[in-house]
>>> print(open('input_15.cif').read())   # mmCIF, C-alpha atoms
data_entry
#
loop_
_atom_site.group_PDB
_atom_site.id
_atom_site.type_symbol
_atom_site.label_atom_id
_atom_site.label_comp_id
_atom_site.auth_asym_id
_atom_site.auth_seq_id
_atom_site.Cartn_x
_atom_site.Cartn_y
_atom_site.Cartn_z
ATOM 1 C CA MET A 1 17.024 -16.537 23.191
ATOM 2 C CA ASP A 2 13.316 -16.986 22.313
ATOM 3 C CA ILE A 3 12.493 -13.580 23.758
ATOM 4 C CA ASP A 4 15.171 -11.955 21.595
ATOM 5 C CA ARG A 5 13.847 -13.652 18.452
ATOM 6 C CA LYS A 6 10.275 -12.761 19.366
ATOM 7 C CA GLN A 7 11.280 -9.103 19.807
ATOM 8 C CA LEU A 8 13.133 -9.204 16.466
ATOM 9 C CA ILE A 9 9.945 -10.482 14.835
ATOM 10 C CA ILE A 10 7.809 -7.781 16.501
ATOM 11 C CA ASP A 11 10.266 -5.055 15.472
ATOM 12 C CA ALA A 12 10.453 -6.367 11.889
ATOM 13 C CA ALA A 13 6.668 -6.678 11.612
ATOM 14 C CA THR A 14 6.202 -3.155 12.984
ATOM 15 C CA LYS A 15 8.642 -1.852 10.339
ATOM 16 C CA SER A 16 6.863 -3.737 7.592
ATOM 17 C CA PHE A 17 3.367 -2.671 8.666
ATOM 18 C CA SER A 18 4.635 0.928 8.981
ATOM 19 C CA ALA A 19 6.217 0.923 5.525
ATOM 20 C CA PHE A 20 3.815 -1.199 3.480
ATOM 21 C CA GLY A 21 0.616 -1.343 5.513
ATOM 22 C CA TYR A 22 -1.198 -4.363 6.827
ATOM 23 C CA LYS A 23 -2.500 -5.714 3.545
ATOM 24 C CA ALA A 24 0.861 -5.630 1.734
ATOM 25 C CA THR A 25 2.888 -7.084 4.610
ATOM 26 C CA THR A 26 3.642 -10.791 4.331
ATOM 27 C CA MET A 27 5.146 -13.222 6.802
ATOM 28 C CA ASP A 28 7.981 -13.764 4.300
ATOM 29 C CA GLN A 29 8.834 -10.032 4.494
ATOM 30 C CA VAL A 30 8.741 -10.119 8.277
ATOM 31 C CA ALA A 31 11.017 -13.188 8.327
ATOM 32 C CA ARG A 32 13.517 -11.485 6.000
ATOM 33 C CA LEU A 33 13.508 -8.255 8.012
ATOM 34 C CA ALA A 34 13.897 -10.171 11.296
ATOM 35 C CA ASN A 35 16.564 -12.429 9.771
ATOM 36 C CA VAL A 36 14.751 -15.539 10.984
ATOM 37 C CA GLY A 37 13.096 -18.450 9.228
ATOM 38 C CA LYS A 38 9.406 -18.124 8.498
ATOM 39 C CA GLY A 39 8.805 -21.178 10.690
ATOM 40 C CA THR A 40 10.305 -19.304 13.643
ATOM 41 C CA ILE A 41 7.553 -16.716 13.357
ATOM 42 C CA TYR A 42 4.942 -19.467 13.538
ATOM 43 C CA THR A 43 6.417 -20.754 16.815
ATOM 44 C CA PHE A 44 5.276 -17.461 18.360
ATOM 45 C CA TYR A 45 2.261 -16.480 16.238
ATOM 46 C CA ARG A 46 -0.372 -18.534 14.432
ATOM 47 C CA ASN A 47 -0.785 -15.964 11.663
ATOM 48 C CA LYS A 48 -0.252 -12.381 10.568
ATOM 49 C CA GLU A 49 -3.424 -11.251 12.347
ATOM 50 C CA GLU A 50 -2.207 -12.497 15.731
ATOM 51 C CA LEU A 51 1.159 -10.774 15.245
ATOM 52 C CA PHE A 52 -0.597 -7.571 14.174
ATOM 53 C CA HIS A 53 -2.889 -7.608 17.204
ATOM 54 C CA GLU A 54 0.053 -8.013 19.589
ATOM 55 C CA ILE A 55 1.732 -4.984 18.036
ATOM 56 C CA ILE A 56 -1.479 -2.952 18.305
ATOM 57 C CA SER A 57 -1.954 -3.992 21.947
ATOM 58 C CA SER A 58 1.561 -2.721 22.683
ATOM 59 C CA LEU A 59 0.779 0.494 20.817
ATOM 60 C CA ILE A 60 -2.334 1.022 22.965
ATOM 61 C CA GLN A 61 -0.254 0.482 26.124
ATOM 62 C CA GLU A 62 2.278 3.066 24.848
ATOM 63 C CA MET A 63 -0.552 5.520 24.240
ATOM 64 C CA LYS A 64 -1.930 4.997 27.748
ATOM 65 C CA ALA A 65 1.528 5.504 29.258
ATOM 66 C CA ALA A 66 1.971 8.729 27.261
ATOM 67 C CA ALA A 67 -1.443 9.948 28.455
ATOM 68 C CA GLU A 68 -0.701 9.136 32.074
ATOM 69 C CA GLU A 69 2.553 11.102 31.908
ATOM 70 C CA VAL A 70 0.700 14.365 31.218
ATOM 71 C CA ILE A 71 -1.930 14.032 33.946
ATOM 72 C CA ASP A 72 -1.327 16.222 36.964
ATOM 73 C CA ASP A 73 -3.607 15.416 39.911
ATOM 74 C CA HIS A 74 -3.254 19.027 41.089
ATOM 75 C CA GLU A 75 -4.733 20.429 37.860
ATOM 76 C CA PRO A 76 -8.472 20.739 37.122
ATOM 77 C CA PHE A 77 -10.382 18.285 34.957
ATOM 78 C CA PHE A 78 -10.404 20.393 31.782
ATOM 79 C CA ILE A 79 -6.655 20.975 31.775
ATOM 80 C CA ASN A 80 -5.954 17.264 32.237
ATOM 81 C CA ALA A 81 -8.546 16.238 29.628
ATOM 82 C CA ASP A 82 -7.052 18.737 27.189
ATOM 83 C CA ARG A 83 -3.508 17.473 27.790
ATOM 84 C CA VAL A 84 -4.486 13.817 27.459
ATOM 85 C CA LEU A 85 -6.422 14.242 24.233
ATOM 86 C CA TYR A 86 -3.782 16.373 22.617
ATOM 87 C CA THR A 87 -1.080 13.862 23.618
ATOM 88 C CA LEU A 88 -3.056 10.923 22.245
ATOM 89 C CA LEU A 89 -3.862 12.646 18.976
ATOM 90 C CA GLU A 90 -0.304 13.888 18.605
ATOM 91 C CA PHE A 91 0.795 10.283 19.158
ATOM 92 C CA ARG A 92 -1.371 9.290 16.187
ATOM 93 C CA THR A 93 0.358 11.794 13.923
ATOM 94 C CA GLU A 94 3.934 11.109 15.048
ATOM 95 C CA HIS A 95 4.063 7.316 14.907
ATOM 96 C CA GLN A 96 4.622 5.949 11.428
ATOM 97 C CA LEU A 97 2.567 2.804 12.081
ATOM 98 C CA MET A 98 -0.474 4.867 13.065
ATOM 99 C CA ILE A 99 -0.067 7.113 10.041
ATOM 100 C CA LYS A 100 0.129 4.128 7.688
ATOM 101 C CA LEU A 101 -2.861 2.391 9.292
ATOM 102 C CA LEU A 102 -5.035 5.499 9.079
ATOM 103 C CA GLN A 103 -3.996 5.949 5.451
ATOM 104 C CA GLU A 104 -4.734 2.298 4.613
ATOM 105 C CA GLU A 105 -8.129 2.445 6.305
ATOM 106 C CA LYS A 106 -9.060 5.571 4.361
ATOM 107 C CA GLU A 107 -7.704 4.504 0.954
ATOM 108 C CA ILE A 108 -8.232 0.743 0.908
ATOM 109 C CA GLY A 109 -10.639 0.026 3.728
ATOM 110 C CA THR A 110 -8.872 -3.176 4.793
ATOM 111 C CA PRO A 111 -11.262 -4.792 7.313
ATOM 112 C CA ALA A 112 -8.480 -5.833 9.734
ATOM 113 C CA VAL A 113 -7.143 -2.276 9.733
ATOM 114 C CA ALA A 114 -10.598 -0.737 10.172
ATOM 115 C CA GLU A 115 -11.083 -3.050 13.169
ATOM 116 C CA VAL A 116 -7.769 -1.947 14.685
ATOM 117 C CA VAL A 117 -8.439 1.755 14.104
ATOM 118 C CA GLN A 118 -11.793 1.270 15.860
ATOM 119 C CA LYS A 119 -10.004 -0.557 18.688
ATOM 120 C CA LEU A 120 -7.638 2.409 19.078
ATOM 121 C CA GLU A 121 -10.533 4.876 19.104
ATOM 122 C CA ASP A 122 -12.352 2.730 21.672
ATOM 123 C CA ALA A 123 -9.223 2.687 23.848
ATOM 124 C CA ILE A 124 -9.054 6.496 23.747
ATOM 125 C CA VAL A 125 -12.781 6.826 24.519
ATOM 126 C CA ASN A 126 -12.511 4.360 27.427
ATOM 127 C CA TYR A 127 -9.482 6.166 28.818
ATOM 128 C CA MET A 128 -11.240 9.520 28.579
ATOM 129 C CA LYS A 129 -14.356 7.981 30.143
ATOM 130 C CA GLY A 130 -12.265 7.269 33.254
ATOM 131 C CA ILE A 131 -11.091 10.883 33.382
ATOM 132 C CA ILE A 132 -14.677 12.096 32.955
ATOM 133 C CA ASN A 133 -15.889 9.797 35.740
ATOM 134 C CA SER A 134 -13.189 11.267 37.997
ATOM 135 C CA GLY A 135 -14.341 14.779 37.056
ATOM 136 C CA ILE A 136 -17.932 13.894 37.930
ATOM 137 C CA GLU A 137 -16.933 12.279 41.229
ATOM 138 C CA SER A 138 -14.832 15.295 42.245
ATOM 139 C CA GLY A 139 -17.698 17.646 41.391
ATOM 140 C CA GLU A 140 -15.688 19.504 38.727
ATOM 141 C CA ILE A 141 -18.157 18.653 35.979
ATOM 142 C CA LYS A 142 -21.898 17.954 35.829
ATOM 143 C CA GLU A 143 -23.446 14.509 35.743
ATOM 144 C CA CYS A 144 -23.328 13.217 32.178
ATOM 145 C CA ASP A 145 -22.976 10.023 30.178
ATOM 146 C CA PRO A 146 -19.186 9.529 30.468
ATOM 147 C CA GLU A 147 -18.846 7.358 27.355
ATOM 148 C CA LEU A 148 -20.901 9.648 25.129
ATOM 149 C CA THR A 149 -19.089 12.698 26.503
ATOM 150 C CA ALA A 150 -15.698 11.061 25.877
ATOM 151 C CA PHE A 151 -16.769 10.282 22.311
ATOM 152 C CA VAL A 152 -17.923 13.870 21.691
ATOM 153 C CA ILE A 153 -14.709 15.284 23.164
ATOM 154 C CA LEU A 154 -12.592 12.981 21.003
ATOM 155 C CA LYS A 155 -14.514 13.879 17.852
ATOM 156 C CA LEU A 156 -14.235 17.594 18.642
ATOM 157 C CA TYR A 157 -10.484 17.224 18.974
ATOM 158 C CA VAL A 158 -10.192 15.173 15.795
ATOM 159 C CA ALA A 159 -12.215 17.811 13.944
ATOM 160 C CA LEU A 160 -10.065 20.670 15.262
ATOM 161 C CA ILE A 161 -6.752 18.909 14.691
ATOM 162 C CA PHE A 162 -7.265 16.957 11.468
ATOM 163 C CA ASP A 163 -10.432 17.971 9.667
ATOM 164 C CA TRP A 164 -10.045 21.728 10.062
ATOM 165 C CA GLU A 165 -6.598 21.790 8.480
ATOM 166 C CA LYS A 166 -7.694 19.936 5.347
ATOM 167 C CA THR A 167 -8.963 23.214 3.911
ATOM 168 C CA ARG A 168 -7.773 25.858 6.383
ATOM 169 C CA LYS A 169 -4.703 27.049 8.218
ATOM 170 C CA PRO A 170 -3.889 24.552 11.019
ATOM 171 C CA LEU A 171 -4.769 25.646 14.528
ATOM 172 C CA GLU A 172 -2.070 26.028 17.158
ATOM 173 C CA LYS A 173 -2.231 23.869 20.279
ATOM 174 C CA GLU A 174 -3.273 26.901 22.364
ATOM 175 C CA GLU A 175 -6.118 27.714 19.958
ATOM 176 C CA ILE A 176 -7.368 24.128 20.173
ATOM 177 C CA SER A 177 -7.265 24.318 23.968
ATOM 178 C CA GLN A 178 -9.209 27.593 23.886
ATOM 179 C CA PHE A 179 -11.909 26.108 21.639
ATOM 180 C CA PHE A 180 -12.083 23.049 23.890
ATOM 181 C CA GLN A 181 -12.677 25.256 26.917
ATOM 182 C CA HIS A 182 -15.074 27.560 25.058
ATOM 183 C CA TYR A 183 -17.352 24.803 23.742
ATOM 184 C CA LEU A 184 -17.168 22.273 26.531
ATOM 185 C CA MET A 185 -16.335 24.138 29.708
ATOM 186 C CA ASN A 186 -18.089 27.451 29.129
ATOM 187 C CA GLY A 187 -20.678 26.458 26.520
ATOM 188 C CA LEU A 188 -22.151 28.815 23.949
ATOM 189 C CA SER A 189 -24.853 30.439 26.033
ATOM 190 C CA LYS A 190 -24.300 33.881 27.581
#
>>> encode(input="input_15.cif", output="structure tokens")
Amino acid sequence: MDIDRKQLIIDAATKSFSAFGYKATTMDQVARLANVGKGTIYTFYRNKEELFHEIISSLIQEMKAAAEEVIDDHEPFFINADRVLYTLLEFRTEHQLMIKLLQEEKEIGTPAVAEVVQKLEDAIVNYMKGIINSGIESGEIKECDPELTAFVILKLYVALIFDWEKTRKPLEKEEISQFFQHYLMNGLSK
């Protein structure tokens, strides 16, 4: 019974955060949406922040599972890295909670949201760091700083997927993959 009520609370909070953002969501709203008393929420969570962090932790686990689904051990490093990054960034654009959080961070700058967005970025960088380490160990890529390389790869993808289309025609997935290979795998030198 407690597990069912806890899941109702998580689902209601996710809906509220997705619709109204972190700052505008209240525990009263969550209680109404979950059809439970506000006190019931406090039997599971000390405050809104703790509830929010549990939801974000689940979101990070979902993202990791989605990334792991696209990895094929028989494919080379660059194909897997490309698939993982595209999947993770697509995840960010298709999940309403992520969209709302990114919007709130940009427009309001809510500290708790900025912290969570950074936590999500760190999770992506750490995941990619593991893939890069595997690429180094297998000899597919040169020795490099895996964390810095993961960060650069992520930022390149973000730039090609989100920043480019702010003022230009959006790139197709294949074009993004080609740029990824051109800049990172082949480099610019002749």
>>> resolve_selection(input="input_15.cif", expression="the PyMOL selection byres ((chain A and resi 143-149) around 9)", output="ChimeraX atom specification")
/A:125-126,128-133,136-137,139,141-142,150-154
>>> atom_distance(input="input_15.cif", atom1="CA of Gly21 in chain A", atom2="CA of Lys100 in chain A")
5.9 Å
>>> closest_residue(input="input_15.cif", among="A:Ile124, A:Asn47, A:Met98, A:Leu89", to="Leu160 in chain A", atoms="all atoms listed in the file")
A:Leu89
>>> residues_around(input="input_15.cif", residues="range 184-190 of chain A", least_positions_apart="3", cutoff="8 Å", atoms="all atoms listed in the file", output="ChimeraX atom specification")
/A:78,180-181
>>> write_last_selection(input="input_15.cif", atoms="C-alpha atoms", output="mmCIF file, keeping the file's coordinate frame")
data_model
loop_
_atom_site.group_PDB
_atom_site.id
_atom_site.type_symbol
_atom_site.label_atom_id
_atom_site.label_comp_id
_atom_site.auth_asym_id
_atom_site.auth_seq_id
_atom_site.Cartn_x
_atom_site.Cartn_y
_atom_site.Cartn_z
ATOM 1 C CA PHE A 78 -10.404 20.393 31.782
ATOM 2 C CA PHE A 180 -12.083 23.049 23.890
ATOM 3 C CA GLN A 181 -12.677 25.256 26.917
#
>>> closest_residue(input="input_15.cif", among="A:Gln103, A:Thr40, A:Thr87, A:Thr26", to="Lys6 in chain A", atoms="all atoms listed in the file")
A:Thr40
>>> atom_distance(input="input_15.cif", atom1="CA of Phe179 in chain A", atom2="CA of Asp73 in chain A")
22.7 Å
>>> closest_atom_pairs(input="input_15.cif", of="range 32-109 of chain A", to="range 113-121 of chain A", cutoff="9 Å", atoms="all atoms listed in the file", output="CSV")
residue,atom,partner,partner_atom,distance
A:His53,CA,A:Val116,CA,7.9
A:Ile56,CA,A:Val116,CA,7.3
A:Leu59,CA,A:Leu120,CA,8.8
A:Ile60,CA,A:Leu120,CA,6.7
A:Met98,CA,A:Val117,CA,8.6
A:Leu101,CA,A:Val113,CA,6.3
A:Leu102,CA,A:Val117,CA,7.1
A:Glu104,CA,A:Val113,CA,7.3
A:Glu105,CA,A:Ala114,CA,5.6
A:Lys106,CA,A:Ala114,CA,8.7
A:Gly109,CA,A:Ala114,CA,6.5
>>> residues_around(input="input_15.cif", residues="Met63 in chain A", least_positions_apart="4", cutoff="8 Å", atoms="only C-alpha atoms", output="list of chain:residue names")
A:Leu59, A:Ala67, A:Leu88, A:Phe91
>>> atom_distance(input="input_15.cif", atom1="CA of Leu171 in chain A", atom2="CA of Val158 in chain A")
11.9 Å
>>> closest_residue(input="input_15.cif", among="A:Gln7, A:Gln178, A:Gln96, A:Ser138", to="Phe20 in chain A", atoms="all atoms listed in the file")
A:Gln96
>>> resolve_selection(input="input_15.cif", expression="the PyMOL selection byres ((chain A and resi 27) around 10)", output="PDB file with C-alpha atoms, in the coordinates of the input")
ATOM      1  CA  ILE A   9       9.945 -10.482  14.835  1.00  0.00           C
ATOM      2  CA  ALA A  13       6.668  -6.678  11.612  1.00  0.00           C
ATOM      3  CA  SER A  16       6.863  -3.737   7.592  1.00  0.00           C
ATOM      4  CA  THR A  25       2.888  -7.084   4.610  1.00  0.00           C
ATOM      5  CA  THR A  26       3.642 -10.791   4.331  1.00  0.00           C
ATOM      6  CA  ASP A  28       7.981 -13.764   4.300  1.00  0.00           C
ATOM      7  CA  GLN A  29       8.834 -10.032   4.494  1.00  0.00           C
ATOM      8  CA  VAL A  30       8.741 -10.119   8.277  1.00  0.00           C
ATOM      9  CA  ALA A  31      11.017 -13.188   8.327  1.00  0.00           C
ATOM     10  CA  ARG A  32      13.517 -11.485   6.000  1.00  0.00           C
ATOM     11  CA  LEU A  33      13.508  -8.255   8.012  1.00  0.00           C
ATOM     12  CA  GLY A  37      13.096 -18.450   9.228  1.00  0.00           C
ATOM     13  CA  LYS A  38       9.406 -18.124   8.498  1.00  0.00           C
ATOM     14  CA  GLY A  39       8.805 -21.178  10.690  1.00  0.00           C
ATOM     15  CA  ILE A  41       7.553 -16.716  13.357  1.00  0.00           C
ATOM     16  CA  TYR A  42       4.942 -19.467  13.538  1.00  0.00           C
ATOM     17  CA  ASN A  47      -0.785 -15.964  11.663  1.00  0.00           C
ATOM     18  CA  LYS A  48      -0.252 -12.381  10.568  1.00  0.00           C
ATOM     19  CA  LEU A  51       1.159 -10.774  15.245  1.00  0.00           C
TER      20      LEU A  51
END
>>> closest_residue(input="input_15.cif", among="A:Ile10, A:Ile55, A:Ile161, A:Ile108", to="Thr93 in chain A", atoms="only C-alpha atoms")
A:Ile161
>>> closest_residue(input="input_15.cif", among="A:Glu90, A:Ile99, A:Ala81, A:Gly135", to="Ala19 in chain A", atoms="all atoms listed in the file")
A:Ile99
>>> closest_residue(input="input_15.cif", among="A:Ala123, A:Leu85, A:Leu8, A:Leu97", to="Tyr22 in chain A", atoms="all atoms listed in the file")
A:Leu97
